[in-house]
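Worksheet: the structure to be examined is printed underneath.
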Amino acid sequence: MAKNQKKQAAEIRFGPVLKVVLLCSLICGSAVGYVWQKNEIYKLGQFIRQRETRLTQLQNDNKRLADQLAILHSPVMLDQRGRELNLGLVPAQPAQVVRLDEPPPPDEKNPPRQFVQRPAAALTP
Amino acid sequence: MTNKLQIKRALLLLGFLGLAFGGLICRLVYLQAWRHDELSALARENTQREFVQVPRRGDIRDVNGNILATSVSVKTVCADPTLIGNQQAVVAQALAPLLKMNEAALFQKLLPRAVVSKNESGETVTNISRYVRLAKNVPEETWQRVVMTMTNLAFGVDENKLSRTNRAFFRDLRQSAIFAEPDQMRIYPNGALASQVIGFPAAAETNVNGHLVSQIVGCDGVELAMNKALSGAAGWRLTETDRQQHEVVALRDEDVFARDGLNVVLTIDSAVQHIVETALADAMQKHTPRSITGVVMRPSTGEILAMVTLPNYDPNQPATITPETRNRVITDVVEPGSTFKIVVVSGALNNGAVKFNDQFNCEQGHFAFAGHILHDHEPFGTLSTEGIITKSSNIGAAKIGIKLGEQSLYDYAWNYGFGQRTGIPLPGEARGILYPVKKWSKVSIAQIPMGHGVAVTRLQMLMAMAAIANDGWLMRPMIVSRLEDHDGNVVQRYQPQCVRRVINETTDKLMIEALKTVATKDGTAEGAAMKNYVVAGKTGTAQKAENGVYVSGKYLSSFIGFFPADDPQICISVVMDEPKEGYYGGQVCGPVFRDIAERCASYLNIPPDPKLMTNASPMVAETTARKFQNP
């Protein structure tokens with residue numbers, strides 16, 4: 001009996017060891033995961049900051065280019081360019097302008113009928 | 001025995017541990033509870049940062065969306081002299097060409113300097129300044145080149161052989177010694193175009209949540225009048241930074257975006273403005289007046305399409321701004337001269353005091369009244385009411401004024417808007433001078449009808465003429481059409497406003513008939529007549545007064561008119577101050593009016609008067625005539 005007891009005491013009990021290993025792994029894994037997550041948050045934060053800076057830069061560039069385009073289209077600039085290039089452009093004289101009467105607005109109650117809107121009977125005589 | 005010893009040891013260990021933990025707990029309570037407020041504030045101060053986001057100032061645009069004033073992002077380049085050590089010469093040599101600065105001046109700026117200040121306890125302390133401003137309004141591209149230059153800057157030493165401290169010094173010098181702050185610069189791409197209307201800016205430091213922020217503020221014109229709408233609202237970001245002062249985005253607390261300023265869209269049309277400025281510049285060369293003004297307006301709405309005063313200034317170069325370049329259209333009050341006759345004649349016709357065909361003896365150019373002799377510019381015999389306008393007879397106008405009566409004359413002048421601000425949203429508008437009847441002298445009733453004894457702004461006179469062009473309705477002048485956000489969505493639209501009806505429609509038609517005769521061979525402004533449009537208008541030539549005495553040889557000449565007379569589309573005023581080579585309004589201002597009017601008619605596509613379309617092809621004349629018959 002005593003022999004049996006001694007033998008049992010010397011045996012490696014895998015169950016508790018496994019539990020300890022699992023517990024330690026869990027704690028270590030959580031710690032490593034926490035640090036990794038914090039690191040990722042920091043990296044993503046830096047990435048966001050870079051993107052924000054880039055966005056601001058692009059918005060400024062976009063504004064600058066839009067302004068340039070608007071300035072190039074401005075009547076004053078066009079007039080100056082016309083003079084510089086000596087294109088001989090002059091305003092049209094009233095006698096050179098042909099004015100056409102605007103067509104009357106469509107009647108809401110009786111809209112003009114399209115071909116496809118005709119009844120089928122009208123299409124087939 | 002063994003057990004007792006073990007228990008003793010365990011208790012001893014427990015006691016030590018208890019004391020240690022007790023000490024820790026005490027320290028914890030001391031730090032976390034006793035000194036909580038102080039230490040938490042210190043911690044916040046060390047890590048938390050508040051960044052103010054300055055809003056972008058809105059644009060000023062013309063009625064078609066063309067940019068008249070805009071803001072561009074620039075940098076203010078600064079330096080921390082404490083990080084430069086004794087390398088000022090190298091840095092100055094590298095940066096001076098980029099910043100367009102004198103190398104010696106830049107060298108001086110980079111030298112460390114002591115700043116004496118008082119600390120919280122009131123003691124005088126001396127610190128080395130860590131902030132010096134090197135250059136303002138540096139474009140983004142230039143700043144990028146500055147960064148590249150600093151990153152690649154060589155100091156003539158092998159840094160691999162240097163100690164760790166020295167290597168860190170050079171690293172900090174390259175990375176942090178020169179830094180930039182975001183800023184804005186106001187740009188006026190068309191230079192002097194509409195400069196007095198737009199105004200000019202100045203940089204001002206405003207306090208936003210306890211932070212001094214550099215902002216652009218308007219100093220004159222629309223920049224000043226609409227400053228609140230243009231400025232927008234500042235935003236802020238409450239966040240934390242690491243040891244290198246880099247933001248830790250994850251610890252961002254508050255992040256409120258700045259609300260950019262609204263775009264102010266004017267009623268000014270830059271093409272019309274350009275036409276008027278060009279025409280006035282030509283007239284300036286020809287007649288060399290002290291100043292010349294021109295205004296173009298839509299009489300039906302009061303929208304101002306162009307407002308020009310020469311000499312003007314370039315708002316990009318504030319040094320060109322002088323009192324001489326003020327917006328004289330609204331700031332200067334002058335005796336209007338004969339253009340004021342439209343007030344007395346229309347008032348008398350509206351009142352019934354005179355009829356359109358009544359005849360007046362103009363006394364051959366000399367009329368004694370209340371101890372004064374009134375003169376005409378040439379002797380006239382008998383003139384009708386219409387003829388008084390056509391010939392611009394002072395004596396005829398005085399007699400109409402006498403028939404109208406003092407109080408009625410004052411009432412009509414007031415109703416036309418004289419003696420009060422027109423309400424144009426521009427700073428510095430004058431009221432003009434219209435004395436109440438009780439302050440009039442005996443001769444006032446004869447002088448005021450010919451434009452003496454009353455002082456008006458050029459805008460007031462134009463508004464009165466525009467009222468006649470608008471069936472007798474006096475409008476409030478409009479200079480701002482709408483406010484838009486930066487996506488072009490309309491936030492607020494300003495509508496035309498009627499002030500009051502001054503004369504009835506019948507009187508108005510008679511007045512227009514009379515004014516049509518001015519720009520004819522019989523009238524005083526033959527040079528204002530247009531080829532394809534009937535013009536209605538009135539000339540004015542006022543002798544200038546200095547120190548209460550009329551000065552010979554100094555005149556204020558003007559012509560105010562509108563066209564087409566039967567369907568007025570635009571009303572134009574041209575006024576010259578002390579012109580040379582002629583001084584009569586019709587003589588010097590009439591041709592300028594015609595030049596502006598013809599070019600505006602072409603640009604604005606105003607249909608010509610079919611009666612005057614003599615040189616048109618049959619198809620054109622027929623089409624135009626048909627349109628006039630069936631509008």
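Here's how to read the names in the structure tokens: chain A, B, ... by the order shown, residue numbers from 1 in each chain, ligand numbers from 1 in the order shown.
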
Please build the interface table for chain A against chain B with a cut-off of 12 Å, listing for each qualifying residue the nearest atom pair and the distance in Å to one decimal; count only C-alpha atoms, order rows by chain and increasing number, and write it as CSV.
residue,atom,partner,partner_atom,distance
A:Gln37,CA,B:Ala250,CA,11.8
A:Lys38,CA,B:Ala250,CA,9.4
A:Asn39,CA,B:Ala250,CA,10.8
A:Glu40,CA,B:Ala250,CA,10.4
A:Ile41,CA,B:Ala250,CA,6.7
A:Tyr42,CA,B:Ala250,CA,6.8
A:Lys43,CA,B:Val249,CA,9.4
A:Leu44,CA,B:Val249,CA,8.4
A:Gly45,CA,B:Val249,CA,4.7
A:Gln46,CA,B:Val249,CA,6.9
A:Phe47,CA,B:Val249,CA,9.3
A:Ile48,CA,B:Val249,CA,7.5
A:Arg49,CA,B:Val249,CA,7.0
A:Gln50,CA,B:Val249,CA,10.6
A:Arg51,CA,B:Val249,CA,11.9
A:Glu52,CA,B:Val249,CA,10.9
A:Thr56,CA,B:Ser73,CA,10.2
A:Gln57,CA,B:Glu140,CA,9.0
A:Leu58,CA,B:Glu140,CA,11.6
A:Gln59,CA,B:Ser73,CA,10.2
A:Asn60,CA,B:Ser73,CA,6.8
A:Asp61,CA,B:Ser73,CA,9.3
A:Asn62,CA,B:Val72,CA,11.0
A:Lys63,CA,B:Val72,CA,8.0
A:Arg64,CA,B:Val72,CA,7.0
A:Leu65,CA,B:Val72,CA,10.8
A:Ala66,CA,B:Ile67,CA,10.2
A:Asp67,CA,B:Ile67,CA,7.5
A:Gln68,CA,B:Pro189,CA,9.1
A:Leu69,CA,B:Ile67,CA,10.1
A:Ala70,CA,B:Asn66,CA,6.3
A:Ile71,CA,B:Pro189,CA,6.7
A:Leu72,CA,B:Pro189,CA,9.7
A:His73,CA,B:Asn66,CA,7.9
A:Ser74,CA,B:Asn66,CA,5.9
A:Pro75,CA,B:Ala271,CA,5.4
A:Val76,CA,B:His274,CA,6.5
A:Met77,CA,B:Asn190,CA,7.9
A:Leu78,CA,B:Ala271,CA,9.9
A:Asp79,CA,B:Ala271,CA,9.0
A:Gln80,CA,B:His274,CA,10.6
A:Val90,CA,B:Arg599,CA,9.9
A:Pro91,CA,B:Ser602,CA,6.4
A:Ala92,CA,B:Ser602,CA,6.6
A:Gln93,CA,B:Ser602,CA,7.0
A:Pro94,CA,B:Pro608,CA,6.6
A:Ala95,CA,B:Ala616,CA,4.5
A:Gln96,CA,B:Ala616,CA,7.3
A:Val97,CA,B:Val620,CA,7.3
A:Val98,CA,B:Val620,CA,5.5
A:Arg99,CA,B:Thr623,CA,6.5
A:Leu100,CA,B:Thr623,CA,6.8
A:Asp101,CA,B:Lys627,CA,6.9
A:Glu102,CA,B:Lys627,CA,9.7
A:Pro104,CA,B:Pro631,CA,11.8

Restricting it to C-alpha atoms, dump the selection as a PDB file, in the first residue's frame.
ATOM      1  CA  GLN A  37      -3.063  46.072 -30.454  1.00  0.00           C
ATOM      2  CA  LYS A  38      -1.678  49.238 -28.895  1.00  0.00           C
ATOM      3  CA  ASN A  39       1.124  49.220 -31.432  1.00  0.00           C
ATOM      4  CA  GLU A  40      -1.372  48.814 -34.267  1.00  0.00           C
ATOM      5  CA  ILE A  41      -3.484  51.661 -32.891  1.00  0.00           C
ATOM      6  CA  TYR A  42      -0.422  53.875 -32.782  1.00  0.00           C
ATOM      7  CA  LYS A  43       0.602  52.876 -36.315  1.00  0.00           C
ATOM      8  CA  LEU A  44      -2.906  53.459 -37.638  1.00  0.00           C
ATOM      9  CA  GLY A  45      -2.962  56.795 -35.828  1.00  0.00           C
ATOM     10  CA  GLN A  46       0.220  57.787 -37.616  1.00  0.00           C
ATOM     11  CA  PHE A  47      -1.280  56.578 -40.887  1.00  0.00           C
ATOM     12  CA  ILE A  48      -4.430  58.638 -40.280  1.00  0.00           C
ATOM     13  CA  ARG A  49      -2.305  61.681 -39.516  1.00  0.00           C
ATOM     14  CA  GLN A  50      -0.339  61.236 -42.746  1.00  0.00           C
ATOM     15  CA  ARG A  51      -3.535  60.796 -44.742  1.00  0.00           C
ATOM     16  CA  GLU A  52      -5.044  63.919 -43.142  1.00  0.00           C
ATOM     17  CA  THR A  56      -5.226  68.929 -46.709  1.00  0.00           C
ATOM     18  CA  GLN A  57      -2.382  69.224 -49.190  1.00  0.00           C
ATOM     19  CA  LEU A  58      -4.542  67.886 -52.024  1.00  0.00           C
ATOM     20  CA  GLN A  59      -7.416  70.168 -51.065  1.00  0.00           C
ATOM     21  CA  ASN A  60      -5.070  73.134 -51.145  1.00  0.00           C
ATOM     22  CA  ASP A  61      -3.690  72.021 -54.521  1.00  0.00           C
ATOM     23  CA  ASN A  62      -7.214  71.540 -55.827  1.00  0.00           C
ATOM     24  CA  LYS A  63      -8.222  74.997 -54.652  1.00  0.00           C
ATOM     25  CA  ARG A  64      -5.118  76.531 -56.191  1.00  0.00           C
ATOM     26  CA  LEU A  65      -5.739  74.846 -59.544  1.00  0.00           C
ATOM     27  CA  ALA A  66      -9.439  75.749 -59.501  1.00  0.00           C
ATOM     28  CA  ASP A  67      -8.489  79.351 -58.816  1.00  0.00           C
ATOM     29  CA  GLN A  68      -5.973  79.292 -61.658  1.00  0.00           C
ATOM     30  CA  LEU A  69      -8.609  77.925 -64.004  1.00  0.00           C
ATOM     31  CA  ALA A  70     -11.127  80.563 -62.904  1.00  0.00           C
ATOM     32  CA  ILE A  71      -8.574  83.326 -63.355  1.00  0.00           C
ATOM     33  CA  LEU A  72      -7.695  82.095 -66.841  1.00  0.00           C
ATOM     34  CA  HIS A  73     -11.409  82.149 -67.711  1.00  0.00           C
ATOM     35  CA  SER A  74     -12.018  85.635 -66.313  1.00  0.00           C
ATOM     36  CA  PRO A  75     -13.139  88.283 -68.840  1.00  0.00           C
ATOM     37  CA  VAL A  76     -10.262  90.566 -67.925  1.00  0.00           C
ATOM     38  CA  MET A  77      -7.684  87.845 -68.618  1.00  0.00           C
ATOM     39  CA  LEU A  78      -9.403  86.834 -71.865  1.00  0.00           C
ATOM     40  CA  ASP A  79      -9.477  90.458 -73.000  1.00  0.00           C
ATOM     41  CA  GLN A  80      -5.779  90.846 -72.205  1.00  0.00           C
ATOM     42  CA  VAL A  90     -14.208  93.221 -81.783  1.00  0.00           C
ATOM     43  CA  PRO A  91     -17.692  93.235 -80.263  1.00  0.00           C
ATOM     44  CA  ALA A  92     -20.479  92.341 -82.670  1.00  0.00           C
ATOM     45  CA  GLN A  93     -22.443  95.336 -83.901  1.00  0.00           C
ATOM     46  CA  PRO A  94     -26.174  95.242 -83.163  1.00  0.00           C
ATOM     47  CA  ALA A  95     -26.826  94.997 -86.906  1.00  0.00           C
ATOM     48  CA  GLN A  96     -24.736  91.841 -87.068  1.00  0.00           C
ATOM     49  CA  VAL A  97     -26.828  90.070 -84.451  1.00  0.00           C
ATOM     50  CA  VAL A  98     -29.746  87.986 -85.627  1.00  0.00           C
ATOM     51  CA  ARG A  99     -32.335  87.647 -82.891  1.00  0.00           C
ATOM     52  CA  LEU A 100     -34.716  84.767 -83.075  1.00  0.00           C
ATOM     53  CA  ASP A 101     -38.004  84.664 -81.242  1.00  0.00           C
ATOM     54  CA  GLU A 102     -38.079  82.184 -78.413  1.00  0.00           C
ATOM     55  CA  PRO A 104     -43.620  79.633 -76.719  1.00  0.00           C
TER      56      PRO A 104
END

### Query
Residues at most 9 Å from Leu153 in chain B, counting only C-alpha atoms, excluding those fewer than 5 positions away in the same chain, as a list of chain:residue names?
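Listing them by chain and then by number gives B:Val90, B:Val91, B:Ala94, B:Met148, B:Arg174.
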
### Task
In Å, rounded to a single decimal, give me how far CA of Val499 in chain B is from CA of Leu349 in chain B.
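Here the two named atoms are 20.9 Å from each other.
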
### Message
as a ChimeraX atom specification, please: every residue in range 166-368 of chain B that DSSP puts in strand (DSSP E or B).
### Response
/B:178-187,201-208,211-218,233,235-241,247-248,254-256,259,263-266,291-298,303-310,334,359-361,366-368

### Message
Please extract the residues of range 271-451 of chain B with a backbone DSSP assignment of helix (DSSP H, G or I) and present them as a PyMOL selection string.
### Response
chain B and resi 271-287+318-320+323-325+328-331+337-351+363-365+385-391+394-404+406-415+437-439+444-450

#### Entry: Gap from CA of Gly428 in chain B to CA of Gly221 in chain B - Å, one decimal
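Between CA of Gly428 in chain B and CA of Gly221 in chain B the gap is 8.6 Å.
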
### Message
List the spatial neighbours of Ile433 in chain B as a ChimeraX atom specification - criterion: any atom at most 10 Å away, only C-alpha atoms, same-chain residues fewer than 3 positions off excluded.
### Response
/B:333-335,418-420,430,436,453-457

Take the residues that were just selected and, keeping C-alpha atoms, output them as a PDB file, in the first residue's frame.
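That gives us out_37.pdb:
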ATOM      1  CA  VAL B 333     -20.371 114.993 -51.512  1.00  0.00           C
ATOM      2  CA  VAL B 334     -20.490 117.670 -54.164  1.00  0.00           C
ATOM      3  CA  GLU B 335     -22.937 120.117 -55.650  1.00  0.00           C
ATOM      4  CA  PHE B 418     -30.980 113.077 -50.972  1.00  0.00           C
ATOM      5  CA  GLY B 419     -29.721 113.929 -47.502  1.00  0.00           C
ATOM      6  CA  GLN B 420     -29.796 110.272 -46.449  1.00  0.00           C
ATOM      7  CA  ALA B 430     -21.890 109.897 -46.928  1.00  0.00           C
ATOM      8  CA  PRO B 436     -34.376 121.615 -43.956  1.00  0.00           C
ATOM      9  CA  GLY B 453     -26.926 124.785 -52.223  1.00  0.00           C
ATOM     10  CA  VAL B 454     -27.316 121.047 -52.001  1.00  0.00           C
ATOM     11  CA  ALA B 455     -24.566 118.417 -51.843  1.00  0.00           C
ATOM     12  CA  VAL B 456     -25.014 114.850 -52.976  1.00  0.00           C
ATOM     13  CA  THR B 457     -23.006 111.712 -53.534  1.00  0.00           C
TER      14      THR B 457
END

### Message
Between B:Val344, B:Lys521, B:Leu383, B:Gly423, which residue has the minimum interatomic distance to Gln407 in chain B, considering only C-alpha atoms?
### Response
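Counting only C-alpha atoms, the residue closest to Gln407 in chain B is B:Val344.
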
### Which of B:Met465, B:Ile128, B:Leu238, B:Ile395 sits closest to Arg49 in chain B [using only C-alpha atoms]
B:Leu238
